[in-house]
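Chemist: The structure is given below, and queries will be raised subsequently.
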Amino acid sequence: MIVTGTAQHQAWQERVLPPVERVRPDVWSIPVPIPDNPLRYTLCYVFLDDTGAVVVDPGWDTGEGRAALTAGLRAAGAGLGDVGGVVVTHVHPDHHGLSGWLRERSGAWVGMHPAEAQTLPGRVWRDRGPDTDRAWLVRHGVPAADTAGLAVTEERIDDMLAMAEPDRAIEDGDLLPLARHEVRAVWTPGHTPGHLCLHEAGAGILLTGDHLLPRISPNIGVHAGTDGDPLGAYLASLEHVAKFAADEALPAHEYRFRDLDHRAADLVRHHDERGEEILRAIDDLGPATAWDIAARLTWSRGWPALRGMLRRMALAETLAHLHHLAATGAVLGTGTAPTHWSHRPGAR
């Protein structure tokens, strides 16, 4: 992997916001701060166009974030009123949080993949109460004493429940409505079901959202109310974006880079190694819950240091690996609660 966003990289090392930059003619990068988060900022991208600017991932909705986005647009030669559209790679609040505010100020449309719209917190949690969520945690082995600290409550997600609904569906292969640019949507499910990357072949760039980052692996998790094999989808999406090896990767965090095919291969290898670590944990534990397995795995901060939502994310990631191992025939889970996972007979 070759770092191309040298000013962004230096800012990352110095723990400061990177500059607003013109990364291609009529394409700008604007850092929008994330409050109290080790990722520090979201890199919002702006395509200037005759029909109005299109903003990609405007960032987390805070007063500081609004000011940073406004100032960044001004540096690019645009104002809030010049924004004609907002594209959301996925609905996490560090990407989608400012979309509603920006639409109110500009009248812009807001677009996302239809599968992503189904994951908006206001839809997912509309008919789901805290008892349902606590039952999901218990099902996966979380001790009763820990469920209160991990359960999703209305108070904890109140700000996210009002995040903007989309005006426009953006499907895989769709071109954004731009005159000066030919930007095509690339559906990359995994981190979320409707995650989008954006490719402009003429400019040689691929906006990778959280799908492909230069330094960290995005969280791939199985969450309450979801099932399936999101890790399998993510690995397939990595294989897909590796085909854009000639392009510069413009991620939503950290800094720009090249050789994204090598980075994709690194991430595939990381998940293969994690799968092997989970199988070894089952070797040691015998049939075990996802919670017990997660506690045995290697985490960058260490399991004891993970608290609250960080521990829940670790559980969700462990479940994603277990679901993928089940889909590939390596493990199986019991149908009764709490679910215990073991090697599939003859698979190990």
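As shown in the structure tokens, the chain order sets the letters A, B, ...; within each chain, residues go from 1, and ligands are also counted from 1 in the order they appear.
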Let's see if you can do this: from backbone DSSP, list all strand (DSSP E or B) residues in segment 239-341 of chain A, as a PyMOL selection string.
Modeler: chain A and resi 248-251+257-258+288+331-333+341
Chemist: Report as an mmCIF file with N, CA and C atoms, in the first residue's frame all protein, DNA and RNA residues lying within 7 Å of Ser106 of chain A, evaluated on only C-alpha atoms, omitting residues in the same chain fewer than 5 positions from it.
Modeler:
data_model
loop_
_atom_site.group_PDB
_atom_site.id
_atom_site.type_symbol
_atom_site.label_atom_id
_atom_site.label_comp_id
_atom_site.auth_asym_id
_atom_site.auth_seq_id
_atom_site.Cartn_x
_atom_site.Cartn_y
_atom_site.Cartn_z
ATOM 1 N N LEU A 80 -23.474 26.479 1.066
ATOM 2 C CA LEU A 80 -24.499 25.487 1.392
ATOM 3 C C LEU A 80 -25.605 25.467 0.339
ATOM 4 N N GLY A 81 -25.969 26.629 -0.163
ATOM 5 C CA GLY A 81 -27.032 26.714 -1.147
ATOM 6 C C GLY A 81 -26.685 26.123 -2.495
ATOM 7 N N ASP A 82 -25.389 25.853 -2.729
ATOM 8 C CA ASP A 82 -24.962 25.267 -3.992
ATOM 9 C C ASP A 82 -25.047 23.741 -3.996
ATOM 10 N N VAL A 83 -25.349 23.150 -2.843
ATOM 11 C CA VAL A 83 -25.392 21.690 -2.752
ATOM 12 C C VAL A 83 -26.704 21.188 -3.344
#
Chemist: List the spatial neighbours of Trp341 of chain A as an MDAnalysis selection string - criterion: any atom at most 8 Å away, only C-alpha atoms, same-chain residues fewer than 5 positions off excluded.
Modeler: chainID A and resid 282 287:290 322 331:334
Chemist: Write out, as a short mmCIF file (atom, residue, chain, number, x, y, z; two decimals), in the first residue's frame, the residues just selected, with C-alpha atoms.
Modeler:
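Result file result_32.cif:
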data_model
loop_
_atom_site.label_atom_id
_atom_site.label_comp_id
_atom_site.auth_asym_id
_atom_site.auth_seq_id
_atom_site.Cartn_x
_atom_site.Cartn_y
_atom_site.Cartn_z
CA ILE A 282 -13.43 -23.67 20.27
CA PRO A 287 -19.02 -25.89 22.80
CA ALA A 288 -19.11 -22.21 23.76
CA THR A 289 -21.20 -19.07 23.40
CA ALA A 290 -20.11 -16.21 21.16
CA LEU A 322 -19.11 -17.68 13.49
CA VAL A 331 -18.89 -24.90 12.80
CA LEU A 332 -22.48 -25.22 13.85
CA GLY A 333 -24.59 -23.51 16.48
CA THR A 334 -27.33 -24.91 18.67
#
Chemist: Could you give me, as a PyMOL selection string, the residues within 9 Å of Leu235 of chain A, counting only C-alpha atoms and dropping anything in the same chain fewer than 2 positions from it?
Modeler: chain A and resi 190+230-233+237-240+264+267-268+271
Chemist: Nearest residue to Trp136 of chain A out of A:Leu150, A:Leu297, A:Ala169, A:Ala326, using only C-alpha atoms?
Modeler: A:Leu150
Chemist: Quick one: of A:Asp247, A:Glu200, A:Asp133, A:Glu165, who's nearest to Arg180 of chain A, counting only C-alpha atoms?
Modeler: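 When distances to Arg180 of chain A are compared using only C-alpha atoms, the smallest one comes from A:Glu200.
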Chemist: Which residues are close to Arg105 of chain A, i.e. within 12 Å by only C-alpha atoms, leaving aside same-chain residues fewer than 4 positions away? Reply as a list in words.
Modeler: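 Using only C-alpha atoms, the neighbours found are Arg66, Thr70, Gly79, Leu80, Gly81, Asp82, Val83, Gly84, Gly85, Leu98, Ser99, Gly100, Trp101 and Trp109 of chain A.
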Chemist: Restricting the calculation to only C-alpha atoms, which member of A:Arg40, A:His195, A:Arg103, A:Arg74 is positioned closest to Val91 of chain A?
Modeler: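 Counting only C-alpha atoms, the residue closest to Val91 of chain A is A:His195.
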Chemist: What does the distance from atom CA of Arg22 of chain A to atom CA of Asn37 of chain A come to in Å, to one decimal?
Modeler: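 Interatomic distance here is 25.6 Å.
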Chemist: Pick out the closest residue to His323 of chain A from this set: A:Gly202, A:Pro143, A:Gly221, A:Pro251. Count only C-alpha atoms.
Modeler: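 Ranked by minimum distance to His323 of chain A, first place goes to A:Gly221.
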Chemist: Could you please write out, as a count of residues only, every residue of segment 64-190 of chain A that DSSP assigns to alpha helix (DSSP H)?
Modeler: 57
Chemist: Rank A:Val3, A:Ala78, A:Ala71, A:Leu196 by their smallest atom-to-atom distance to Pro114 of chain A, using only C-alpha atoms, and report the top residue only.
Modeler: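 Of A:Val3, A:Ala78, A:Ala71, A:Leu196, the one nearest Pro114 of chain A, counting only C-alpha atoms, is A:Leu196.
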Chemist: Quick one: everything within 9 Å of Thr62 of chain A, counting only C-alpha atoms, minus sequence neighbours fewer than 5 positions away in the same chain. Send it as a list in words.
Modeler: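 Selected residues are Pro33, Ile34, Pro35, Ala67, Gly97 and Leu98 of chain A.
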Chemist: Would you please work out which residue, of A:Ala7, A:Val86, A:Val32, A:Leu43, is nearest to Glu64 of chain A when using only C-alpha atoms?
Modeler: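 Of all the options, A:Val32 lies closest to Glu64 of chain A.
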Chemist: Report as a PyMOL selection string all protein, DNA and RNA residues lying within 12 Å of Asp36 of chain A, evaluated on only C-alpha atoms, omitting residues in the same chain fewer than 5 positions from it.
Modeler: chain A and resi 41+60+62+94
Chemist: Export, as a tab-separated table (two decimals), in the first residue's frame, the selected residues with N, CA and C atoms.
Modeler:
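Ended up saving to selection-v4.tsv:
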chain	number	residue	atom	x	y	z
A	41	TYR	N	-12.11	12.05	12.58
A	41	TYR	CA	-12.82	12.83	11.55
A	41	TYR	C	-13.30	11.90	10.44
A	60	TRP	N	-20.62	13.78	11.02
A	60	TRP	CA	-21.37	13.75	12.27
A	60	TRP	C	-22.00	15.12	12.54
A	62	THR	N	-22.68	17.87	14.61
A	62	THR	CA	-22.38	18.70	15.77
A	62	THR	C	-22.20	20.13	15.27
A	94	ASP	N	-21.42	9.02	11.75
A	94	ASP	CA	-20.24	9.78	11.33
A	94	ASP	C	-20.22	9.99	9.81
Chemist: Between atom CA of Pro193 of chain A and atom CA of Asp210 of chain A, what is the distance in Å, rounded to a tenth?
Modeler: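 Interatomic distance here is 12.4 Å.
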